[in-house]
Amino acid sequence: MHYQSLKKLTTALGIATLIASTLLSQISQAQTGTAGHEGWYQVELIVFARKNDTSQEHWPSNIKLRYPTDWAELKEINSAEDVTVDLTKEAFYHLPATERQLNAEAQKLERNPRFQVLFHSAWRQIVTHEKAAKSVLIQGGQTFGQHQELEGSIRLSVATYLKLQTNLWYSQFDLNVGQEQTRQWPELPKQPNYLATPIAGLSLDSSLELEQALAVENQQWNNEVPTTANSSETAAAENNYLTRQIILLQQNRDMRSSEVHYIDHPVVGIIIQVTPYQTQSSEPAL
């Protein structure tokens with residue numbers, strides 16, 4: 001009798017120890033889970049618009065458009081950098097089309113006359129927890145003055161799941177022929193990397209062109225007042241178009257890595273895939 005009671009007590013203590021051990025393990029995993037998911041990922045993003053939208057929705061005009069202060073821009077590889085840039089280690093560079101995984105989806109959209117692909121690119125970056133995450137600037141579509149149809153940013157972070165935050169706006173413009181603008185839309189903010197864009201029309205084949213380019217760049221970065229001629233040209237370019245409509249896409253979406261996610265919208269659609277990527281000098285992103 002005494003032996004059976006001791007055996008039951010020992011069994012009960014063993015089960016209690018196992019439960020306690022399991023709980024401690026779960027707590028430990030919860031505390032370290034966020035850090036375990038941080039790391040390198042390959043991101044591929046498609047943003048498209050529905051042409052000739054017939055939804056008859058009236059989108060709000062009392063919206064706030066702003067770029068984040070902590071941003072990163074996607075860079076192109078040019079011939080001068082081909083030797084020095086290693087795409088297996090460098091972040092925020094447009095990847096070649098051959099390294100994309102959603103080309104088939106983009107081609108289906110491009111072949112369909114009802115859709116317009118505004119943006120399609122893939123890049124690699126380190127995805128961190130939300131407080132340290134950088135926003136990636138996104139621009140695409142046709143250019144109207146100093147703006148493009150699609151502008152804004154996206155931000156990726158990770159905790160238990162990957163998290164996508166979109167801060168994108170899709171603008172539609174009309175040629176300004178002196179017509180009255182029936183609705184007032186907020187002023188489109190200038191892209192924060194606008195001054196850093198290459199100076200068009202300068203091949204830099206001569207020392208004179210190089211001096212001209214450096215002079216313009218110094219003027220931009222020193223926040224000097226542009227010349228009257230430049231101001232007039234900029235104002236004229238901006239006045240050539242009137243904003244007909246702005247559609248703001250601000251959404252939060254939890255995602256699983258490697259899955260293709262589709263964010264639906266009456267006018268603008270988003271397709272995104274975020275895949276763990278192991279660089280030659282990093283641990284794999286789990």
# chains A, B, ... in the order shown; residues from 1 in each chain; ligands from 1

call {"tool": "residues_around", "arguments": {"residues": "Ser153 of chain A", "least_positions_apart": "2", "cutoff": "9 Å", "atoms": "only C-alpha atoms", "output": "PyMOL selection string"}}
result
chain A and resi 67-68+71+135-139+151+155+165-169

call {"tool": "write_last_selection", "arguments": {"atoms": "N, CA and C atoms", "output": "CSV table (one decimal), in the first residue's frame"}}
result
chain,number,residue,atom,x,y,z
A,67,TYR,N,5.8,61.1,-46.3
A,67,TYR,CA,6.8,60.1,-46.4
A,67,TYR,C,7.4,59.9,-45.0
A,68,PRO,N,7.9,58.7,-44.6
A,68,PRO,CA,8.5,58.5,-43.3
A,68,PRO,C,9.9,59.2,-43.3
A,71,TRP,N,13.9,56.1,-44.2
A,71,TRP,CA,13.6,55.4,-45.4
A,71,TRP,C,14.8,54.9,-46.1
A,135,SER,N,11.4,52.1,-44.0
A,135,SER,CA,10.4,52.1,-45.0
A,135,SER,C,11.1,52.1,-46.4
A,136,VAL,N,10.6,51.4,-47.3
A,136,VAL,CA,11.2,51.4,-48.7
A,136,VAL,C,10.4,52.3,-49.6
A,137,LEU,N,11.0,53.2,-50.2
A,137,LEU,CA,10.3,54.1,-51.1
A,137,LEU,C,9.9,53.4,-52.4
A,138,ILE,N,8.6,53.6,-52.8
A,138,ILE,CA,8.1,53.0,-54.0
A,138,ILE,C,7.5,54.0,-54.9
A,139,GLN,N,7.9,54.0,-56.2
A,139,GLN,CA,7.4,54.9,-57.2
A,139,GLN,C,7.2,54.1,-58.5
A,151,GLU,N,3.1,56.5,-55.7
A,151,GLU,CA,4.2,57.0,-54.9
A,151,GLU,C,3.9,56.5,-53.4
A,155,ARG,N,6.6,49.2,-45.5
A,155,ARG,CA,7.6,48.8,-44.4
A,155,ARG,C,7.3,47.4,-44.0
A,165,GLN,N,3.3,46.9,-43.8
A,165,GLN,CA,2.5,48.2,-43.7
A,165,GLN,C,2.7,49.0,-45.0
A,166,THR,N,1.6,49.3,-45.6
A,166,THR,CA,1.6,50.0,-46.9
A,166,THR,C,1.2,51.5,-46.6
A,167,ASN,N,2.0,52.4,-47.2
A,167,ASN,CA,1.7,53.8,-47.2
A,167,ASN,C,1.9,54.3,-48.6
A,168,LEU,N,0.9,53.9,-49.5
A,168,LEU,CA,1.0,54.2,-50.9
A,168,LEU,C,-0.2,55.0,-51.3
A,169,TRP,N,0.0,55.9,-52.3
A,169,TRP,CA,-1.1,56.6,-52.9
A,169,TRP,C,-1.0,56.5,-54.5

call {"tool": "residues_around", "arguments": {"residues": "segment 96-109 of chain A", "least_positions_apart": "6", "cutoff": "8 Å", "atoms": "only C-alpha atoms", "output": "PyMOL selection string"}}
result
chain A and resi 44+46+48+115-117+120-122

call {"tool": "write_last_selection", "arguments": {"atoms": "N, CA, C and O atoms", "output": "short mmCIF file (atom, residue, chain, number, x, y, z; two decimals), in the first residue's frame"}}
result
data_model
loop_
_atom_site.label_atom_id
_atom_site.label_comp_id
_atom_site.auth_asym_id
_atom_site.auth_seq_id
_atom_site.Cartn_x
_atom_site.Cartn_y
_atom_site.Cartn_z
N GLU A 44 9.56 40.60 -53.15
CA GLU A 44 9.10 40.88 -54.51
C GLU A 44 7.72 41.50 -54.42
O GLU A 44 6.83 40.97 -53.73
N ILE A 46 4.48 43.53 -56.55
CA ILE A 46 3.75 43.99 -57.75
C ILE A 46 2.62 44.88 -57.28
O ILE A 46 1.85 44.50 -56.39
N PHE A 48 -0.56 47.06 -59.06
CA PHE A 48 -1.25 47.28 -60.33
C PHE A 48 -2.54 48.04 -60.10
O PHE A 48 -3.09 48.07 -58.99
N PHE A 115 -5.87 45.87 -66.82
CA PHE A 115 -4.95 46.18 -65.74
C PHE A 115 -3.74 46.95 -66.25
O PHE A 115 -3.33 46.82 -67.41
N GLN A 116 -3.15 47.72 -65.36
CA GLN A 116 -1.90 48.44 -65.61
C GLN A 116 -0.92 48.13 -64.48
O GLN A 116 -1.22 48.41 -63.31
N VAL A 117 0.20 47.53 -64.82
CA VAL A 117 1.22 47.26 -63.80
C VAL A 117 1.97 48.56 -63.51
O VAL A 117 2.61 49.13 -64.40
N HIS A 120 6.83 46.68 -60.42
CA HIS A 120 7.20 45.28 -60.23
C HIS A 120 8.71 45.22 -60.05
O HIS A 120 9.47 45.59 -60.95
N SER A 121 9.14 44.77 -58.89
CA SER A 121 10.57 44.66 -58.63
C SER A 121 10.79 43.69 -57.49
O SER A 121 9.88 43.37 -56.71
N ALA A 122 12.02 43.21 -57.40
CA ALA A 122 12.45 42.36 -56.28
C ALA A 122 13.76 42.91 -55.74
O ALA A 122 14.58 43.45 -56.50
#

call {"tool": "select_by_dssp", "arguments": {"residues": "segment 54-208 of chain A", "states": "strand (DSSP E)", "output": "ChimeraX atom specification"}}
result
/A:71-72,115-127,135-137,140-144,147-158,162-175

call {"tool": "closest_residue", "arguments": {"among": "A:Leu74, A:Leu118, A:Leu164, A:Ala49", "to": "Tyr93 of chain A", "atoms": "only C-alpha atoms"}}
result
A:Leu74

call {"tool": "closest_residue", "arguments": {"among": "A:Ile247, A:Leu95, A:Leu242, A:Val268", "to": "Gln184 of chain A", "atoms": "only C-alpha atoms"}}
result
A:Leu242

call {"tool": "residues_around", "arguments": {"residues": "Asn176 of chain A", "least_positions_apart": "6", "cutoff": "10 Å", "atoms": "only C-alpha atoms", "output": "mmCIF file with N, CA and C atoms, in the first residue's frame"}}
result
data_model
loop_
_atom_site.group_PDB
_atom_site.id
_atom_site.type_symbol
_atom_site.label_atom_id
_atom_site.label_comp_id
_atom_site.auth_asym_id
_atom_site.auth_seq_id
_atom_site.Cartn_x
_atom_site.Cartn_y
_atom_site.Cartn_z
ATOM 1 N N GLU A 238 4.484 71.692 -63.199
ATOM 2 C CA GLU A 238 3.468 71.320 -62.224
ATOM 3 C C GLU A 238 2.090 71.802 -62.645
ATOM 4 N N ASN A 239 2.020 72.973 -63.275
ATOM 5 C CA ASN A 239 0.732 73.549 -63.659
ATOM 6 C C ASN A 239 0.152 72.904 -64.911
ATOM 7 N N ASN A 240 0.914 72.052 -65.564
ATOM 8 C CA ASN A 240 0.406 71.381 -66.757
ATOM 9 C C ASN A 240 -0.665 70.356 -66.418
ATOM 10 N N TYR A 241 -0.728 69.932 -65.151
ATOM 11 C CA TYR A 241 -1.646 68.864 -64.766
ATOM 12 C C TYR A 241 -2.430 69.246 -63.523
ATOM 13 N N LEU A 242 -3.654 68.758 -63.466
ATOM 14 C CA LEU A 242 -4.489 68.905 -62.280
ATOM 15 C C LEU A 242 -4.751 67.525 -61.691
ATOM 16 N N THR A 243 -4.778 67.457 -60.380
ATOM 17 C CA THR A 243 -5.054 66.193 -59.716
ATOM 18 C C THR A 243 -6.541 65.888 -59.810
#

call {"tool": "closest_residue", "arguments": {"among": "A:Thr84, A:Gln278, A:Ser61, A:Ser157", "to": "Leu248 of chain A", "atoms": "only C-alpha atoms"}}
result
A:Ser61

call {"tool": "closest_residue", "arguments": {"among": "A:Pro186, A:Glu130, A:Tyr194, A:Asn112", "to": "Glu38 of chain A", "atoms": "only C-alpha atoms"}}
result
A:Glu130

call {"tool": "decode", "arguments": {"residues": "segment 119-133 of chain A", "atoms": "all heavy atoms", "output": "tab-separated table (two decimals), in the first residue's frame"}}
result
chain	number	residue	atom	x	y	z
A	119	PHE	N	4.16	48.89	-60.76
A	119	PHE	CA	5.46	48.63	-60.14
A	119	PHE	C	5.65	47.13	-60.05
A	119	PHE	O	4.74	46.40	-59.66
A	119	PHE	CB	5.52	49.25	-58.74
A	119	PHE	CG	6.82	49.01	-58.00
A	119	PHE	CD1	7.86	49.91	-58.10
A	119	PHE	CD2	6.98	47.88	-57.20
A	119	PHE	CE1	9.06	49.70	-57.42
A	119	PHE	CE2	8.17	47.66	-56.52
A	119	PHE	CZ	9.21	48.57	-56.64
A	120	HIS	N	6.83	46.68	-60.42
A	120	HIS	CA	7.20	45.28	-60.23
A	120	HIS	C	8.71	45.22	-60.05
A	120	HIS	O	9.47	45.59	-60.95
A	120	HIS	CB	6.79	44.40	-61.42
A	120	HIS	CG	7.18	42.96	-61.23
A	120	HIS	ND1	7.41	42.11	-62.30
A	120	HIS	CD2	7.38	42.22	-60.10
A	120	HIS	CE1	7.74	40.91	-61.82
A	120	HIS	NE2	7.73	40.95	-60.50
A	121	SER	N	9.14	44.77	-58.89
A	121	SER	CA	10.57	44.66	-58.63
A	121	SER	C	10.79	43.69	-57.49
A	121	SER	O	9.88	43.37	-56.71
A	121	SER	CB	11.18	46.02	-58.28
A	121	SER	OG	12.59	45.91	-58.14
A	122	ALA	N	12.02	43.21	-57.40
A	122	ALA	CA	12.45	42.36	-56.28
A	122	ALA	C	13.76	42.91	-55.74
A	122	ALA	O	14.58	43.45	-56.50
A	122	ALA	CB	12.62	40.90	-56.75
A	123	TRP	N	13.95	42.78	-54.46
A	123	TRP	CA	15.18	43.23	-53.82
A	123	TRP	C	15.40	42.41	-52.55
A	123	TRP	O	14.54	41.64	-52.13
A	123	TRP	CB	15.10	44.72	-53.48
A	123	TRP	CG	14.09	45.07	-52.44
A	123	TRP	CD1	14.27	45.19	-51.09
A	123	TRP	CD2	12.69	45.37	-52.68
A	123	TRP	NE1	13.09	45.54	-50.47
A	123	TRP	CE2	12.12	45.65	-51.40
A	123	TRP	CE3	11.90	45.43	-53.82
A	123	TRP	CZ2	10.77	45.98	-51.27
A	123	TRP	CZ3	10.55	45.75	-53.67
A	123	TRP	CH2	10.01	46.02	-52.42
A	124	ARG	N	16.55	42.57	-51.94
A	124	ARG	CA	16.87	41.88	-50.69
A	124	ARG	C	17.13	42.91	-49.60
A	124	ARG	O	17.67	43.99	-49.86
A	124	ARG	CB	18.08	40.97	-50.87
A	124	ARG	CG	17.80	39.83	-51.85
A	124	ARG	CD	19.00	38.95	-52.12
A	124	ARG	NE	18.67	37.95	-53.14
A	124	ARG	CZ	19.41	37.68	-54.20
A	124	ARG	NH1	20.55	38.33	-54.40
A	124	ARG	NH2	19.03	36.76	-55.07
A	125	GLN	N	16.76	42.55	-48.38
A	125	GLN	CA	16.95	43.46	-47.26
A	125	GLN	C	16.93	42.66	-45.97
A	125	GLN	O	16.49	41.51	-45.93
A	125	GLN	CB	15.85	44.52	-47.21
A	125	GLN	CG	14.47	43.95	-46.88
A	125	GLN	CD	13.44	45.05	-46.67
A	125	GLN	OE1	12.76	45.46	-47.61
A	125	GLN	NE2	13.31	45.50	-45.42
A	126	ILE	N	17.43	43.29	-44.90
A	126	ILE	CA	17.31	42.72	-43.56
A	126	ILE	C	15.99	43.19	-42.97
A	126	ILE	O	15.71	44.39	-42.94
A	126	ILE	CB	18.48	43.16	-42.67
A	126	ILE	CG1	19.81	42.62	-43.23
A	126	ILE	CG2	18.29	42.67	-41.25
A	126	ILE	CD1	21.03	43.09	-42.48
A	127	VAL	N	15.18	42.25	-42.53
A	127	VAL	CA	13.90	42.57	-41.89
A	127	VAL	C	14.07	42.45	-40.39
A	127	VAL	O	14.52	41.42	-39.89
A	127	VAL	CB	12.77	41.64	-42.39
A	127	VAL	CG1	11.46	41.97	-41.68
A	127	VAL	CG2	12.61	41.78	-43.90
A	128	THR	N	13.74	43.51	-39.67
A	128	THR	CA	13.95	43.59	-38.21
A	128	THR	C	12.62	43.74	-37.50
A	128	THR	O	11.55	43.72	-38.13
A	128	THR	CB	14.85	44.79	-37.87
A	128	THR	OG1	14.13	45.99	-38.20
A	128	THR	CG2	16.15	44.75	-38.65
A	129	HIS	N	12.68	43.94	-36.19
A	129	HIS	CA	11.46	44.23	-35.44
A	129	HIS	C	10.96	45.61	-35.83
A	129	HIS	O	11.68	46.43	-36.42
A	129	HIS	CB	11.73	44.16	-33.93
A	129	HIS	CG	12.79	45.09	-33.44
A	129	HIS	ND1	12.53	46.38	-33.03
A	129	HIS	CD2	14.14	44.92	-33.33
A	129	HIS	CE1	13.65	46.97	-32.67
A	129	HIS	NE2	14.64	46.12	-32.84
A	130	GLU	N	9.71	45.89	-35.51
A	130	GLU	CA	9.02	47.05	-36.07
A	130	GLU	C	9.70	48.38	-35.74
A	130	GLU	O	9.78	49.28	-36.59
A	130	GLU	CB	7.57	47.07	-35.57
A	130	GLU	CG	6.71	48.13	-36.25
A	130	GLU	CD	5.24	47.97	-35.92
A	130	GLU	OE1	4.87	46.94	-35.30
A	130	GLU	OE2	4.46	48.87	-36.27
A	131	LYS	N	10.21	48.55	-34.53
A	131	LYS	CA	10.79	49.83	-34.15
A	131	LYS	C	12.04	50.17	-34.95
A	131	LYS	O	12.37	51.34	-35.13
A	131	LYS	CB	11.11	49.84	-32.65
A	131	LYS	CG	9.88	49.89	-31.76
A	131	LYS	CD	10.25	50.00	-30.30
A	131	LYS	CE	9.01	50.11	-29.42
A	131	LYS	NZ	9.37	50.23	-27.98
A	132	ALA	N	12.75	49.15	-35.43
A	132	ALA	CA	13.99	49.39	-36.17
A	132	ALA	C	13.80	49.27	-37.69
A	132	ALA	O	14.75	49.47	-38.43
A	132	ALA	CB	15.07	48.41	-35.72
A	133	ALA	N	12.59	48.97	-38.14
A	133	ALA	CA	12.37	48.71	-39.56
A	133	ALA	C	12.41	50.00	-40.38
A	133	ALA	O	11.91	51.04	-39.95
A	133	ALA	CB	11.03	48.02	-39.75
